[in-house]
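A short write-up of the structure that comes next.
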Amino acid sequence: MEELSGQNLNACNQCLKCTAGCSFVDNMDLLPNQVIRCIQLGQEDEVMKSKTPWLCASCFTCVTRCPKGVDLSRIMEAIRTLLLRQGKEHINLSGSEFKLPADAPQQLFVSGSRKLSG
Amino acid sequence: MKKSRVGVFVCHCGHNIARAIDIKSVMEKIRKYPGVAHVEDYIYLCADPGQKIVADKIKDKNLDAIVIANCSPNLHEKTFRDLVESVNMNRFKCEIANIREQCSWPHDQEREKATLKSVKIIESVIEKVKQNQELEPIRVPLTKKALVIGGGIAGIQAALDIANGGFKVILLERRATIGGKMAQLSETFPTLDCPQCIMTPKMVAVAKHENITLMTYSALESLEGYVGNFTVKIREKAKYVDWDKCVGCGDCTEKCPAKVDSEFDAKLSKRKAIYRDFPQAVPNKFVIDAEHCIKLTKGKCGVCEKICPAKAIKYDDKDEIIEEKIGAVIVATGFDLFGLEKVGEYGYGKYKDVIDGLQFERILAASGPTGGKVERPSDGKTPKDVVFIQCVGSRDPEFGMPYCSSICCMYTAKQAMLFKHAVPEGQPYIFCMDIRSTGKGYEEFVQRAVEEDGVVYLRGRVSKIYQDDDKIMVWGADMASGKKVEIPADLVVLSTAIVPAEGIKDLASKLRITTDEYGFLKEAHLKLQPVETLTSGIFIAGTAQSPKDITDTVAQASAAASKIMALFSSKEYIRSPTIARVDEDVCKGCGICVNACTYSAIELDTIKKISKVNEALCEGCGACAAVCPSGAMQQKNYTKKQLLDMISVATEDYDKG
Amino acid sequence: MAENNSDKNIVYYPGCTLHTWAKSLSDTFIESFKKLDINLHELSDWSCCQAVFPLARDNIMGLVPAARILIQAREHGDILTTLCSFCFNVLRRTNNAIQTDGEIRAKLNAYLEEDYTGDVHVLHPLEILKVMVGFDKLKSKVTKPCGNIKIGPYYGCQLIRPPKEMKFDDPEDPKLLDMFLESIGCEVVNFPFKVECCGSYQIVQGEDMVADRAYAILSNARKNGAEAIALSCPLCFYNLDTRQNLITQKYTDFSPMPVFYFTELMGMALGIDEGLCGFDKHKVDPGILLESLQKSSDTQEHVTVKNDQNKLGVN
Ligand SMILES: Cc1cc2nc3c(=O)[nH]c(=O)nc-3n(C[C@H](O)[C@H](O)[C@H](O)COP(=O)(O)OP(=O)(O)OC[C@H]3O[C@@H](n4cnc5c(N)ncnc54)[C@H](O)[C@@H]3O)c2cc1C
Ligand code: SF4
Ligand code: SF4
């Protein structure tokens, strides 16, 4: 995960600033800082089954404010990437069961599927 | 030349050297080196038994020079040179071969190579010591007067100590009054003394002391010379008020129409163009701030001149340069707070009710703009929910300050406590990363804040602050509950990183001392020489060296003062004689060395056409010897021959091992 | 960069959404720049930039489409501009990666058989307006100032973050869009949520989540005095305007707020054909703007009486 994200996970000193600024924590089962914490503790499986990486919208707020220069958005992407490469799609946007709103811009389809379906 | 009898003593330094180097094999090799009469090792040479071994062997083995193979000469060169002197060997017949910092530490994992390298280091030093001359220290006269720069609590304490020790002191301060940041504080942790009670008496003592010359509203212009014999030039800034006449009545200030943000009240109030920082100022005199005075900028007004009963106003005042001879300097220029505008997410400067710690001190202080009533800046309402945020800028490598500011944990606890005392129905919250309360009585103080005053600590950093109607919304997180939290606060106080006082770099370069990567003044050795600098005769104290509280500041100030008193207690200053020397027969008077010398220690004798070294000024840096084309200029005990011999010994046969 | 580059072509990359869904964003931009005498060369034959910058270190292939666009642009000029914040983010970060990361540069060039070193400048139209046109000049070209309409500039995420790479503006309190709006005569309302995320593509997995975000942003803007929002990204527009009905359904206290692309406002101010603005595509009635424009051209002075609240219905 360190390799894929290019981040030194030991640099995170669990200050929680990322969590404090994240817009999506209400729906997350692991807080952003806890994602790193689990990896620091060797509990990668917790992270792999968590909803959190899929709820991260890559808004880069945490990256902007992290005092230790940790790019959490890259860590979230590393987790998503590993899962997608194992064939574990979060949502199959092109699948039949998924209905993209008819009034949506193409951009939504492209960005959503790149992030959530690989 | 008589055959040398060199003794070599190898120290294990516990495991520090012995772990990385095969000491036995080093000794075997050294034993065979020409001129070596004795080799011995010991686990700690610097300890008493170790020193005894060295002293005894010098006598028993009739040694005429010794090499100590151990740690850096910074640490123990003096120890062993003093030792050999006690057994009648000239101190310059003792040399250190540094096989710890330069060998065992960096080559911890390569035993064979490290062993070989330490042999080479020792051999080259043997080569040097064999050729060392017996020299006598140079004695120079000493001006027993100190200069203390910065009139905060550090400078005040140091000046008083030196003055009480019977020596003259000049206390230089750039503001019009002494007192520094401590004068701005409300009450001080952990005892809750108010600075007015514990510091004002010291300020008055400074003013009254016959040994102290107080020079406020002044700046250091230049410093020349060397320890014991400095010449300092001080710029006394134009005050536009004749201090011999000013009686400190303050009539002028009342009528002055020009208003400026008050530095003393951390911009929470206005002062006038003619002002004094606070009523207890020492000296209790007024100055005109030329930048904002209407008369001095636009030529109009002149109200103060008409009003002043003492006829003290002097619009044509000029800066004055004063020259003084001094023997030693203490730099105690203190700190500033980090410019919070750079932390955009906290909205400092944008929202009136987001303030820094010093501003809250002024709000809490009985001497402050609200007379100690807790009112928030925007609308004067008494805040109920107050959020304190620690580590703003500190421990934040992204802002370039990975260090801990060291005092914020404690003053935040104090401010939360004092707030609760002033507003019993209020609720203080503190966001922190952890609580650092390591001083005497500090942890008890924090526990009191939590248990008795109900201060709520949340462990987490804050991400965003914004104004929402008349509340200040704080987005933080709390580790214990594992939640993001939002607090609608009435007032937010940021505990801001401590940074060195503005202008410190410029001052340091005038004094030829160094600063660390953050701009704090650098000590000669963090542990063993914390108040010395690498420039002899210049000492440092207080927050100028690193962030610290009043307790540590005062301790360091007294330490620096005692160093100066030790220096002043001897009749003359003793300098190292390993300085430059000209061979008058060889010198052609080309003068290249004159330009190479940064200490202006070389003069060209135009009649004899030779260079001359001023022994009092020469620091023995060797710059002249390095540039001399004829080889006439040599540094004593570091002659060209010595250095070349050392290099060839150190490098010969290196590959063969 | 030279002050006046009008002889140089600025290459325009529209991206997947701009000719169709967000047609008005593109049309009003092109028309407005014509009025400002700036030549745009629209890339033909382009492919999608992939909308999101690939964050996994080994995903070099993810950078290929953006790199292709940059290389293509180089043939027509040295400035590439794009409107959609997502495209802008991807193109600028890719270019930045090519400039600063030797490994990425080498791999991409090897794959594409090119020698691109990142010398194209990727500029947002707002940056072009500031640096190459100048807001003063823009102001002087305004024929129909926007009147007293109070607009909240909304930046969102992709335009400004991550700041180390985007170097667009102050990441916590950006001002470029504010300055732009002022220069075309709007009254600008600064609001703290102008940099909060609208929920982005997460609408595909949680409409509720986006409704919450959009509600927070628009309410915050309104609380600070805004009557409408200006932005630059089609996806933000979708979440904040097209799907504003999600908010009205969930939050009964919410009353609709019109949303504009900044280029629509520029177009109106510069007097381009109103038909290009595609106001009929807006889900929230933009009448407030039109009324304000009406007023401002009725009176000589732009600083007229305050515009009371307009009741706006959701279409
Ligand atoms: C908000 C806050 C609350 C605090 N509360 C407490 C507390 O409760 N208890 C406690 O123990 N500590 C407290 N401290 C720490 C305390 O303020 C410092 O330990 C102390 O003030 C340090 O004194 P100093 O003399 O080193 O520096 P300063 O007080 O900064 O004094 C330095 C002086 O040098 C002058 N100066 C600077 N540069 C020059 C120059 N180039 N030439 C001439 N003069 C110059 C300055 O004008 C100033 O007068 C607090 C600090 C802050 C910020
Ligand atoms: S803000 Fe950075 S250092 Fe703090 S918890 Fe998040 S990732 Fe770790
Ligand atoms: S002359 Fe200057 S200092 Fe004196 S009253 Fe006027 S403005 Fe104030």
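Chain labels A, B, ... are given in the sequence in which chains occur in the structure tokens; within each chain residues are numbered consecutively from 1, and ligands are likewise numbered from 1 in the order shown.
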Interface, chain A side, toward chain C (6 Å; only C-alpha atoms) as a tab-separated table (two decimals) with C-alpha atoms, in the first residue's frame:
```
chain	number	residue	atom	x	y	z
A	4	LEU	CA	1.09	2.14	-4.51
A	5	SER	CA	0.31	5.38	-2.71
A	59	CYS	CA	-11.77	16.27	-2.76
A	60	PHE	CA	-8.18	16.69	-1.48
A	64	THR	CA	-4.29	20.32	1.64
A	74	ARG	CA	-3.51	8.55	-2.61
A	78	ALA	CA	-4.33	2.62	-3.37
A	105	PRO	CA	-23.47	14.84	-17.48
A	106	GLN	CA	-21.01	12.50	-19.21
A	107	GLN	CA	-18.39	13.70	-16.76
A	108	LEU	CA	-20.29	12.02	-13.94
A	111	SER	CA	-15.41	10.01	-13.10
A	112	GLY	CA	-17.72	7.72	-11.18
```
Residues of chain C no more than 12 Å from chain B, counting only C-alpha atoms: send them over as an mmCIF file with C-alpha atoms, in the first residue's frame.
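Result file is out.cif:
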```
data_model
loop_
_atom_site.group_PDB
_atom_site.id
_atom_site.type_symbol
_atom_site.label_atom_id
_atom_site.label_comp_id
_atom_site.auth_asym_id
_atom_site.auth_seq_id
_atom_site.Cartn_x
_atom_site.Cartn_y
_atom_site.Cartn_z
ATOM 1 C CA LYS C 164 1.031 22.178 -4.109
ATOM 2 C CA ASP C 169 -4.938 30.325 -5.683
ATOM 3 C CA ASP C 170 -5.053 30.424 -1.893
ATOM 4 C CA PRO C 171 -6.608 27.025 -1.153
ATOM 5 C CA GLU C 172 -8.604 28.230 1.840
ATOM 6 C CA ASP C 173 -9.800 31.563 0.583
ATOM 7 C CA PRO C 174 -9.339 31.722 -3.184
ATOM 8 C CA ASN C 190 -17.522 35.664 0.388
ATOM 9 C CA PHE C 191 -18.729 32.519 2.125
ATOM 10 C CA PRO C 192 -16.694 29.952 4.064
ATOM 11 C CA PHE C 193 -18.079 26.958 2.181
ATOM 12 C CA LYS C 194 -16.821 28.145 -1.163
ATOM 13 C CA VAL C 195 -14.111 25.489 -0.988
ATOM 14 C CA GLU C 196 -16.223 22.647 0.397
ATOM 15 C CA SER C 219 -27.367 27.523 2.775
ATOM 16 C CA ASN C 220 -23.990 28.797 3.838
ATOM 17 C CA ALA C 221 -23.830 30.999 0.772
ATOM 18 C CA ARG C 222 -27.328 32.307 1.416
ATOM 19 C CA LYS C 223 -26.620 32.930 5.075
ATOM 20 C CA ASN C 224 -23.767 35.156 4.038
ATOM 21 C CA GLY C 225 -25.993 37.077 1.686
#
```
Using only C-alpha atoms and all ligand atoms, what are the residues with an atom within 6 Å of ligand 2, set out as a short mmCIF file (atom, residue, chain, number, x, y, z; two decimals) with N, CA, C and O atoms, in the first residue's frame?
```cif
data_model
loop_
_atom_site.label_atom_id
_atom_site.label_comp_id
_atom_site.auth_asym_id
_atom_site.auth_seq_id
_atom_site.Cartn_x
_atom_site.Cartn_y
_atom_site.Cartn_z
N CYS A 12 2.34 9.67 9.49
CA CYS A 12 1.07 10.11 10.10
C CYS A 12 1.17 9.96 11.60
O CYS A 12 1.42 8.88 12.11
N ASN A 13 0.97 11.06 12.33
CA ASN A 13 1.02 10.96 13.79
C ASN A 13 -0.37 11.02 14.41
O ASN A 13 -0.53 11.38 15.56
N GLN A 14 -1.35 10.67 13.62
CA GLN A 14 -2.72 10.54 14.14
C GLN A 14 -3.19 11.81 14.83
O GLN A 14 -3.69 11.78 15.95
N CYS A 15 -3.06 12.92 14.12
CA CYS A 15 -3.52 14.18 14.70
C CYS A 15 -5.00 14.41 14.44
O CYS A 15 -5.61 15.27 15.05
N LEU A 16 -5.55 13.68 13.49
CA LEU A 16 -6.98 13.71 13.19
C LEU A 16 -7.46 14.93 12.39
O LEU A 16 -8.65 15.17 12.25
N LYS A 17 -6.51 15.70 11.90
CA LYS A 17 -6.95 16.88 11.16
C LYS A 17 -7.71 16.48 9.90
O LYS A 17 -8.66 17.15 9.49
N CYS A 18 -7.30 15.36 9.30
CA CYS A 18 -7.98 14.88 8.09
C CYS A 18 -9.43 14.57 8.40
O CYS A 18 -10.34 14.99 7.67
N ASN A 33 -8.50 9.02 9.48
CA ASN A 33 -7.27 8.72 10.22
C ASN A 33 -7.21 7.26 10.63
O ASN A 33 -6.14 6.66 10.72
N CYS A 66 -3.04 18.46 5.82
CA CYS A 66 -2.26 17.54 6.68
C CYS A 66 -0.94 18.18 7.07
O CYS A 66 -0.15 18.57 6.22
N PRO A 67 -0.67 18.30 8.37
CA PRO A 67 0.57 18.93 8.82
C PRO A 67 1.80 18.10 8.48
O PRO A 67 2.91 18.62 8.46
N LYS A 68 1.62 16.81 8.26
CA LYS A 68 2.76 15.96 8.00
C LYS A 68 2.93 15.68 6.50
O LYS A 68 3.74 14.86 6.11
N VAL A 70 1.05 14.12 4.49
CA VAL A 70 0.60 12.80 4.04
C VAL A 70 -0.53 13.00 3.03
O VAL A 70 -1.45 13.76 3.28
N LEU A 72 -3.46 11.53 1.88
CA LEU A 72 -4.42 10.48 2.20
C LEU A 72 -5.24 10.07 0.99
O LEU A 72 -5.67 8.93 0.86
#
```
(request) Run DSSP on the backbone of this structure and report the residues of region 96-229 of chain B it assigns to alpha helix (DSSP H), as JSON, numbers by chain. (result) {"B": [111, 112, 113, 114, 115, 116, 117, 118, 119, 120, 121, 122, 123, 124, 125, 126, 127, 128, 129, 130, 131, 153, 154, 155, 156, 157, 158, 159, 160, 161, 162, 163, 164, 195, 196, 197, 198, 200, 201, 202, 203, 204, 205, 206, 207, 208]}
(request) Residues within 7 Å of ligand 1, counting only C-alpha atoms and all ligand atoms: report them as JSON, numbers by chain. (result) {"B": [149, 150, 151, 152, 153, 154, 155, 172, 173, 174, 175, 178, 179, 180, 181, 182, 185, 187, 188, 189, 190, 218, 219, 220, 332, 333, 334, 335, 336, 337, 357, 358, 361, 407, 411, 414, 501, 502, 503, 504, 507, 541, 542, 543, 544, 548, 549, 550, 551, 553]}
Can you tell me, as a tab-separated table (two decimals) with N, CA, C and O atoms, in the first residue's frame, what residues are no more than 12 Å from Arg68 (chain C) when counting only C-alpha atoms, ignoring any on the same chain fewer than 3 positions away?
```tsv
chain	number	residue	atom	x	y	z
C	13	TYR	N	-9.33	22.89	-24.92
C	13	TYR	CA	-9.75	21.49	-24.83
C	13	TYR	C	-11.13	21.45	-24.19
C	13	TYR	O	-11.27	21.78	-23.00
C	43	LEU	N	-9.19	22.18	-30.00
C	43	LEU	CA	-8.60	20.90	-30.43
C	43	LEU	C	-9.67	20.11	-31.15
C	43	LEU	O	-10.80	20.01	-30.67
C	45	ASP	N	-10.66	16.33	-32.69
C	45	ASP	CA	-10.20	14.95	-32.62
C	45	ASP	C	-9.57	14.59	-31.27
C	45	ASP	O	-8.59	13.88	-31.21
C	46	TRP	N	-10.14	15.15	-30.22
C	46	TRP	CA	-9.55	14.87	-28.92
C	46	TRP	C	-10.21	13.65	-28.28
C	46	TRP	O	-11.28	13.23	-28.70
C	47	SER	N	-9.54	13.13	-27.26
C	47	SER	CA	-10.19	12.05	-26.52
C	47	SER	C	-10.39	12.48	-25.08
C	47	SER	O	-9.85	13.51	-24.65
C	48	CYS	N	-11.13	11.70	-24.34
C	48	CYS	CA	-11.48	12.06	-22.97
C	48	CYS	C	-10.23	12.04	-22.08
C	48	CYS	O	-9.38	11.17	-22.21
C	49	CYS	N	-10.15	12.99	-21.15
C	49	CYS	CA	-8.98	13.07	-20.28
C	49	CYS	C	-9.05	12.08	-19.13
C	49	CYS	O	-8.15	11.99	-18.32
C	50	GLN	N	-10.16	11.40	-18.99
C	50	GLN	CA	-10.42	10.41	-17.93
C	50	GLN	C	-10.96	11.02	-16.65
C	50	GLN	O	-11.16	10.32	-15.65
C	61	MET	N	-0.55	4.26	-17.11
C	61	MET	CA	-1.46	4.22	-18.25
C	61	MET	C	-2.60	5.22	-18.07
C	61	MET	O	-3.12	5.77	-19.05
C	62	GLY	N	-2.97	5.46	-16.81
C	62	GLY	CA	-4.04	6.41	-16.54
C	62	GLY	C	-3.67	7.82	-16.97
C	62	GLY	O	-4.54	8.67	-17.16
C	63	LEU	N	-2.36	8.08	-17.09
C	63	LEU	CA	-1.91	9.42	-17.48
C	63	LEU	C	-1.84	9.60	-18.99
C	63	LEU	O	-1.72	10.72	-19.49
C	64	VAL	N	-1.90	8.47	-19.69
C	64	VAL	CA	-1.68	8.54	-21.13
C	64	VAL	C	-2.67	9.46	-21.85
C	64	VAL	O	-2.24	10.32	-22.64
C	65	PRO	N	-3.97	9.34	-21.60
C	65	PRO	CA	-4.90	10.20	-22.34
C	65	PRO	C	-4.59	11.68	-22.14
C	65	PRO	O	-4.57	12.44	-23.11
C	71	ILE	N	0.28	16.78	-25.62
C	71	ILE	CA	1.17	16.71	-26.78
C	71	ILE	C	0.48	17.25	-28.02
C	71	ILE	O	1.07	18.00	-28.82
C	72	GLN	N	-0.79	16.91	-28.12
C	72	GLN	CA	-1.59	17.42	-29.24
C	72	GLN	C	-1.64	18.94	-29.19
C	72	GLN	O	-1.49	19.62	-30.20
C	73	ALA	N	-1.84	19.46	-27.98
C	73	ALA	CA	-1.97	20.90	-27.82
C	73	ALA	C	-0.68	21.61	-28.24
C	73	ALA	O	-0.71	22.67	-28.85
C	74	ARG	N	0.44	20.98	-27.93
C	74	ARG	CA	1.74	21.59	-28.20
C	74	ARG	C	1.88	21.96	-29.67
C	74	ARG	O	2.56	22.93	-30.03
C	75	GLU	N	1.23	21.20	-30.52
C	75	GLU	CA	1.35	21.48	-31.96
C	75	GLU	C	0.67	22.78	-32.36
C	75	GLU	O	0.94	23.33	-33.41
C	91	LEU	N	-5.36	17.73	-16.34
C	91	LEU	CA	-4.35	18.20	-17.28
C	91	LEU	C	-3.21	18.91	-16.57
C	91	LEU	O	-2.04	18.71	-16.86
C	94	THR	N	-1.17	16.31	-14.57
C	94	THR	CA	-0.39	15.44	-15.46
C	94	THR	C	0.82	16.20	-15.99
C	94	THR	O	1.95	15.71	-15.99
C	95	ASN	N	0.57	17.42	-16.40
C	95	ASN	CA	1.67	18.23	-16.93
C	95	ASN	C	2.74	18.45	-15.87
C	95	ASN	O	3.94	18.35	-16.13
C	98	ILE	N	4.74	15.37	-15.40
C	98	ILE	CA	5.71	15.20	-16.48
C	98	ILE	C	6.91	16.13	-16.27
C	98	ILE	O	8.06	15.76	-16.49
C	108	LEU	N	6.15	7.71	-19.89
C	108	LEU	CA	5.12	8.19	-20.81
C	108	LEU	C	5.69	8.42	-22.21
C	108	LEU	O	5.09	8.02	-23.21
C	109	ASN	N	6.85	9.04	-22.25
C	109	ASN	CA	7.44	9.32	-23.56
C	109	ASN	C	7.79	8.02	-24.29
C	109	ASN	O	7.63	7.92	-25.50
C	111	TYR	N	6.29	5.20	-23.96
C	111	TYR	CA	5.07	4.57	-24.43
C	111	TYR	C	4.49	5.30	-25.63
C	111	TYR	O	4.06	4.69	-26.62
C	112	LEU	N	4.50	6.62	-25.56
C	112	LEU	CA	3.89	7.41	-26.63
C	112	LEU	C	4.84	7.69	-27.79
C	112	LEU	O	4.46	8.32	-28.76
C	113	GLU	N	6.08	7.27	-27.62
C	113	GLU	CA	7.13	7.58	-28.59
C	113	GLU	C	7.19	9.08	-28.87
C	113	GLU	O	7.07	9.55	-29.99
C	114	GLU	N	7.31	9.82	-27.79
C	114	GLU	CA	7.34	11.28	-27.88
C	114	GLU	C	8.51	11.81	-27.06
C	114	GLU	O	9.23	11.03	-26.44
C	115	ASP	N	8.66	13.13	-27.07
C	115	ASP	CA	9.71	13.70	-26.23
C	115	ASP	C	9.15	14.90	-25.47
C	115	ASP	O	9.73	15.97	-25.43
C	116	TYR	N	7.99	14.73	-24.89
C	116	TYR	CA	7.31	15.84	-24.25
C	116	TYR	C	7.85	16.08	-22.83
C	116	TYR	O	7.97	15.15	-22.04
C	118	GLY	N	6.68	18.73	-20.78
C	118	GLY	CA	5.77	19.50	-19.93
C	118	GLY	C	5.83	20.99	-20.21
C	118	GLY	O	5.53	21.79	-19.34
```
(request) Quick one: pull the distance between CA of Lys144 (chain C) and CA of Gly278 (chain C), Å, one decimal. (result) 18.0 Å
Any chance you could tabulate, as CSV, the residues of chain B at most 8 Å from chain A with each one's nearest atom pair and distance in Å to one decimal, using only C-alpha atoms, in chain and rising number order?
```
residue,atom,partner,partner_atom,distance
B:Arg395,CA,A:Pro67,CA,7.8
B:Asp396,CA,A:Pro67,CA,4.8
B:Pro397,CA,A:Lys68,CA,5.9
B:Glu398,CA,A:Pro67,CA,5.3
B:Phe399,CA,A:Pro67,CA,7.4
B:Met433,CA,A:Cys15,CA,6.0
B:Arg459,CA,A:Cys15,CA,7.7
B:Gly460,CA,A:Leu16,CA,5.1
B:Arg461,CA,A:Lys17,CA,4.7
B:Val462,CA,A:Lys17,CA,5.6
B:Ser463,CA,A:Gly21,CA,4.9
B:Lys464,CA,A:Gly21,CA,6.4
B:Trp475,CA,A:Ala20,CA,5.6
B:Gly476,CA,A:Ala20,CA,4.4
B:Ala477,CA,A:Ala20,CA,4.9
B:Asp478,CA,A:Leu16,CA,7.8
B:Met479,CA,A:Leu16,CA,7.4
B:Gly482,CA,A:Leu31,CA,7.7
B:Lys483,CA,A:Leu31,CA,7.9
B:Lys484,CA,A:Ala20,CA,5.4
B:Val485,CA,A:Ala20,CA,7.1
```
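Residues within 12 Å of Ala626 (chain B), counting only C-alpha atoms and excluding same-chain residues fewer than 2 positions away, are Ala580, Ile592, Cys593, Ala596, Cys597, Gly620, Cys621, Gly622, Ala623, Cys624, Cys628, Pro629, Ser630, Gly631, Ala632, Met633, Gln634, Gln635, Tyr638, Thr639, Lys640 and Leu643 of chain B.
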(request) Residues within 9 Å of ligand 3, counting only C-alpha atoms and all ligand atoms: report them as a ChimeraX atom specification. (result) /B:240,252-259,272-275,287-290,292-297,299-307,313,315
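By only C-alpha atoms, and with residues fewer than 3 positions from Val446 (chain B) along its chain excluded, the set lying at most 8 Å from it is Met410, Ala413, Ser437, Tyr442, Glu443, Ala449 and Val450 of chain B.
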(message) Could you list, as a PyMOL selection string, every residue within 7 Å of Val142 (chain C), counting only C-alpha atoms and ignoring same-chain residues fewer than 2 positions away?
(response) chain C and resi 138-140+144-145+184+269-270
(request) Would you mind listing what lies within 7 Å of region 384-389 of chain B as a count of residues only, with only C-alpha atoms counted and same-chain residues fewer than 3 positions away left out? (result) 17
(request) Based on DSSP run over this structure's backbone, return all residues of region 188-416 of chain B in strand (DSSP E), as a PyMOL selection string. (result) chain B and resi 212-215+218-226+229-236+259-261+270-272+274-275+287-288+320-326+328-331+335-337+354-356+385-392
(message) Counting only C-alpha atoms, which residue out of B:Arg512, B:Arg581, B:Lys420, B:Lys641 sits closest to Val613 (chain B)?
(response) B:Arg581
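Restricting the calculation to only C-alpha atoms, the smallest distance between Ser58 (chain A) and any of A:Leu41, A:Leu100, A:Met76, A:Val35 is found for A:Met76.
Interatomic distance, CA of Glu323 (chain B) to CA of Lys510 (chain B): 15.2 Å.
Between Asn89 (chain C) and the residues C:His282, C:Lys130, C:Lys137, C:His124, the shortest atom-to-atom distance, using only C-alpha atoms, involves C:His124.
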